[in-house]
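**Q** One structure follows; several queries about it will come next.
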Amino acid sequence: MRIDLNADLGEGFGAWKLGDDAALLEIVTSANVACGFHAGDPLTIRRVCEAAVARGVAIGAQVSYRDLAGFGRREMDVPAEELRAEVLYQLAAVDGIARAVGGRVAYVKPHGALYNRIVWDEVQARAVADAVADYGTLPVLTVPGSALQELGTPTVTEYFADRAYTPEGTLVSRREPGSVLHDPVEVAARAIRMAREGVVTAVDGSQVRVTARSICVHGDTPGAVRLARAVHDALVGVGVAVEAFT
C-alpha cells in the first residue's frame, strides 16, 4: 500500500514567517507551495523549491484567490475569465522558479476558500480546470466528488488527517470548535484508518468512507511538524509506503 503525505509550505510573507518549512520538507513527500496570492513571496518560493528539489520532494502549486489579508480563506466571487488568468499566473510563477532551481511543478492544489468552492461550483471549477489545461497536463489535488472530476480534469483525491469531518464527508468549518485536531496520537491513528481501511470517524461518531491517495497535514497548524512526523512514522510502522503520487 502506498500513500502520499502533503503539506502546505512557503506560507510566510516578507518578514512574517509561518510554519517550519525546512523541518516539514524532511517528512512530507509533496509540498504545496504558496504562490503569492494568499501567502508566499518570490524569495520564499525560491527557498522552498530549492529545499524541495534537494530532498526529492514533489512540488505543487498552491493556487488561491487573491486574498493576502484573509489568507485565502474568505469566500470570493471572481469572474471565471479573471480566475482562470489568476490561477494560470500563479502556476506559471511557481513552475518558473522551480525549473530555475532544477525542479518543476508536478501538480496543483487549490487553497482555502477556492479549494472548497470548486467542489460544488462548476463555473469556478471550470475556470481552474481551464487554467491548468492552458499550462499543460497536471493533476489537481481535491476531495472525492469534486466538480473537477465531473469535468474530466485529472485529479488525485486526498483527505485531511488534522481536520474534523461532518457525517456527509465534508470538512467541519474552521469557525467551529474542534475543527482542527492537534493530538499527534489521534491524528496518526486517523491517518492509518484512512490509508488502510478507507474510513474516518465524523464528529457525530459515524463512519465515513474515504478514498485517499494523499493525506494532508496543514503546515500552519500549531505543532505541524510533530503531527506530520507522527503520521509518517505511524503509516510506515503499519507497512504503508509513504511516497509521492507523481
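Identifiers in this document derive from the order of the C-alpha cells: chains are assigned A, B, ..., residues are numbered from 1 separately in each chain, and ligands are numbered from 1 in order of occurrence.
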Counting only C-alpha atoms, what is within 6 Å of range 156-173 of chain A, bar same-chain residues fewer than 3 positions away, as a list in words?
**A**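 So the residues in contact are Leu141, Thr142, Val143, Pro144, Glu176, Ser179, Val180, Leu181, Val187, Ala191, Ala202, Val203, Ala212, Arg213, Ser214, Ile215, Cys216 and Val217 of chain A.
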**Q** Residues as selected, N, CA, C and O atoms, written as a PDB file, in the first residue's frame, can you do that?
**A**
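Result written to out-v4.pdb:
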ATOM      1  N   LEU A 141      -5.006  18.129  -6.831  1.00  0.00           N
ATOM      2  CA  LEU A 141      -5.382  17.517  -5.559  1.00  0.00           C
ATOM      3  C   LEU A 141      -6.737  18.055  -5.131  1.00  0.00           C
ATOM      4  O   LEU A 141      -6.938  19.276  -5.056  1.00  0.00           O
ATOM      5  N   THR A 142      -7.675  17.165  -4.820  1.00  0.00           N
ATOM      6  CA  THR A 142      -9.007  17.588  -4.419  1.00  0.00           C
ATOM      7  C   THR A 142      -9.671  16.474  -3.634  1.00  0.00           C
ATOM      8  O   THR A 142      -9.082  15.400  -3.432  1.00  0.00           O
ATOM      9  N   VAL A 143     -10.892  16.723  -3.170  1.00  0.00           N
ATOM     10  CA  VAL A 143     -11.641  15.707  -2.433  1.00  0.00           C
ATOM     11  C   VAL A 143     -12.476  14.884  -3.400  1.00  0.00           C
ATOM     12  O   VAL A 143     -12.812  15.340  -4.492  1.00  0.00           O
ATOM     13  N   PRO A 144     -12.823  13.657  -3.023  1.00  0.00           N
ATOM     14  CA  PRO A 144     -13.708  12.854  -3.869  1.00  0.00           C
ATOM     15  C   PRO A 144     -15.044  13.573  -4.082  1.00  0.00           C
ATOM     16  O   PRO A 144     -15.568  14.227  -3.177  1.00  0.00           O
ATOM     17  N   GLU A 176     -15.922  26.527  13.590  1.00  0.00           N
ATOM     18  CA  GLU A 176     -16.490  25.667  14.624  1.00  0.00           C
ATOM     19  C   GLU A 176     -15.401  25.134  15.553  1.00  0.00           C
ATOM     20  O   GLU A 176     -14.295  24.823  15.099  1.00  0.00           O
ATOM     21  N   SER A 179     -12.592  21.935  14.967  1.00  0.00           N
ATOM     22  CA  SER A 179     -12.465  21.683  13.528  1.00  0.00           C
ATOM     23  C   SER A 179     -11.048  21.274  13.140  1.00  0.00           C
ATOM     24  O   SER A 179     -10.843  20.586  12.138  1.00  0.00           O
ATOM     25  N   VAL A 180     -10.058  21.716  13.926  1.00  0.00           N
ATOM     26  CA  VAL A 180      -8.662  21.371  13.682  1.00  0.00           C
ATOM     27  C   VAL A 180      -8.174  20.502  14.836  1.00  0.00           C
ATOM     28  O   VAL A 180      -8.367  20.840  16.005  1.00  0.00           O
ATOM     29  N   LEU A 181      -7.533  19.382  14.515  1.00  0.00           N
ATOM     30  CA  LEU A 181      -7.074  18.432  15.522  1.00  0.00           C
ATOM     31  C   LEU A 181      -5.592  18.647  15.812  1.00  0.00           C
ATOM     32  O   LEU A 181      -4.802  18.899  14.897  1.00  0.00           O
ATOM     33  N   VAL A 187      -4.289  12.095  15.465  1.00  0.00           N
ATOM     34  CA  VAL A 187      -4.113  12.393  14.045  1.00  0.00           C
ATOM     35  C   VAL A 187      -3.450  11.215  13.321  1.00  0.00           C
ATOM     36  O   VAL A 187      -3.848  10.840  12.209  1.00  0.00           O
ATOM     37  N   ALA A 191      -4.982   8.815  10.286  1.00  0.00           N
ATOM     38  CA  ALA A 191      -4.280   8.615   9.019  1.00  0.00           C
ATOM     39  C   ALA A 191      -4.167   7.135   8.674  1.00  0.00           C
ATOM     40  O   ALA A 191      -4.333   6.741   7.512  1.00  0.00           O
ATOM     41  N   ALA A 202     -16.538  10.655  11.802  1.00  0.00           N
ATOM     42  CA  ALA A 202     -17.075  12.015  11.748  1.00  0.00           C
ATOM     43  C   ALA A 202     -17.352  12.532  13.158  1.00  0.00           C
ATOM     44  O   ALA A 202     -17.267  11.789  14.147  1.00  0.00           O
ATOM     45  N   VAL A 203     -17.706  13.813  13.249  1.00  0.00           N
ATOM     46  CA  VAL A 203     -17.898  14.443  14.554  1.00  0.00           C
ATOM     47  C   VAL A 203     -19.058  13.842  15.338  1.00  0.00           C
ATOM     48  O   VAL A 203     -19.098  13.949  16.568  1.00  0.00           O
ATOM     49  N   ALA A 212      -8.433   7.838  -0.424  1.00  0.00           N
ATOM     50  CA  ALA A 212      -7.357   8.825  -0.485  1.00  0.00           C
ATOM     51  C   ALA A 212      -6.082   8.238  -1.068  1.00  0.00           C
ATOM     52  O   ALA A 212      -5.657   7.143  -0.687  1.00  0.00           O
ATOM     53  N   ARG A 213      -5.486   8.946  -2.001  1.00  0.00           N
ATOM     54  CA  ARG A 213      -4.139   8.624  -2.479  1.00  0.00           C
ATOM     55  C   ARG A 213      -3.120   9.507  -1.783  1.00  0.00           C
ATOM     56  O   ARG A 213      -1.937   9.222  -1.784  1.00  0.00           O
ATOM     57  N   SER A 214      -3.627  10.600  -1.179  1.00  0.00           N
ATOM     58  CA  SER A 214      -2.746  11.522  -0.471  1.00  0.00           C
ATOM     59  C   SER A 214      -3.415  11.953   0.829  1.00  0.00           C
ATOM     60  O   SER A 214      -4.639  12.069   0.890  1.00  0.00           O
ATOM     61  N   ILE A 215      -2.614  12.167   1.860  1.00  0.00           N
ATOM     62  CA  ILE A 215      -3.097  12.660   3.142  1.00  0.00           C
ATOM     63  C   ILE A 215      -2.387  13.977   3.440  1.00  0.00           C
ATOM     64  O   ILE A 215      -1.174  14.093   3.270  1.00  0.00           O
ATOM     65  N   CYS A 216      -3.168  14.958   3.878  1.00  0.00           N
ATOM     66  CA  CYS A 216      -2.619  16.296   4.130  1.00  0.00           C
ATOM     67  C   CYS A 216      -2.523  16.580   5.622  1.00  0.00           C
ATOM     68  O   CYS A 216      -3.415  16.234   6.392  1.00  0.00           O
ATOM     69  N   VAL A 217      -1.416  17.207   5.998  1.00  0.00           N
ATOM     70  CA  VAL A 217      -1.261  17.815   7.317  1.00  0.00           C
ATOM     71  C   VAL A 217      -0.952  19.279   7.081  1.00  0.00           C
ATOM     72  O   VAL A 217       0.005  19.605   6.371  1.00  0.00           O
TER      73      VAL A 217
END
**Q** Tell me which protein, DNA and RNA residues are within 12 Å of Ala52 in chain A, counting only C-alpha atoms, leaving out same-chain ones fewer than 3 positions away, and put them as a VMD selection string.
**A** chain A and resid 7 9 to 10 21 to 33 45 to 49 55 to 60 98 to 99 101 to 105
**Q** What does the structure give for the distance between CA of Ala224 in chain A and CA of Pro184 in chain A, in Å to one decimal?
**A** 9.2 Å
**Q** Range 43-131 of chain A near range 12-16 of chain A within 10 Å: what's each residue's closest atom pair and its distance in Å to one decimal, counting only C-alpha atoms, ordered by chain then ascending residue number, as a Markdown table?
**A**
| residue | atom | partner | partner_atom | distance |
| --- | --- | --- | --- | --- |
| A:Leu43 | CA | A:Gly14 | CA | 8.4 |
| A:Thr44 | CA | A:Gly12 | CA | 7.1 |
| A:Ile45 | CA | A:Gly12 | CA | 9.4 |
| A:Leu68 | CA | A:Phe13 | CA | 9.2 |
**Q** Save the residues we just selected, C-alpha atoms, as a short mmCIF file (atom, residue, chain, number, x, y, z; two decimals), in the first residue's frame?
**A**
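Saved file again_39.cif follows:
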data_model
loop_
_atom_site.label_atom_id
_atom_site.label_comp_id
_atom_site.auth_asym_id
_atom_site.auth_seq_id
_atom_site.Cartn_x
_atom_site.Cartn_y
_atom_site.Cartn_z
CA LEU A 43 12.19 34.66 -2.17
CA THR A 44 10.15 32.27 -0.04
CA ILE A 45 9.02 30.37 -3.14
CA LEU A 68 -3.47 38.10 1.39
#
**Q** Name the closest residue to Glu81 in chain A among the candidates A:Asp130, A:Gln62, A:Glu50, A:Asp95; distances are taken between atoms, counting only C-alpha atoms.
**A** A:Asp130
**Q** Based on the backbone DSSP call, show me all residues of range 22-186 of chain A assigned strand (DSSP E), as a list of chain:residue names.
**A** A:Ser30, A:Ala31, A:Asn32, A:Val33, A:Ala34, A:Ala58, A:Ile59, A:Gly60, A:Ala61, A:Gln62, A:Val105, A:Ala106, A:Tyr107, A:Val108, A:Val140, A:Leu141, A:Thr142, A:Thr155, A:Val156, A:Thr157, A:Glu158, A:Tyr159, A:Phe160
**Q** May I ask for the distance between CA of Ala113 in chain A and CA of Glu75 in chain A, given in Å to one decimal place?
**A**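 CA of Glu75 in chain A lies at a distance of 5.6 Å from CA of Ala113 in chain A.
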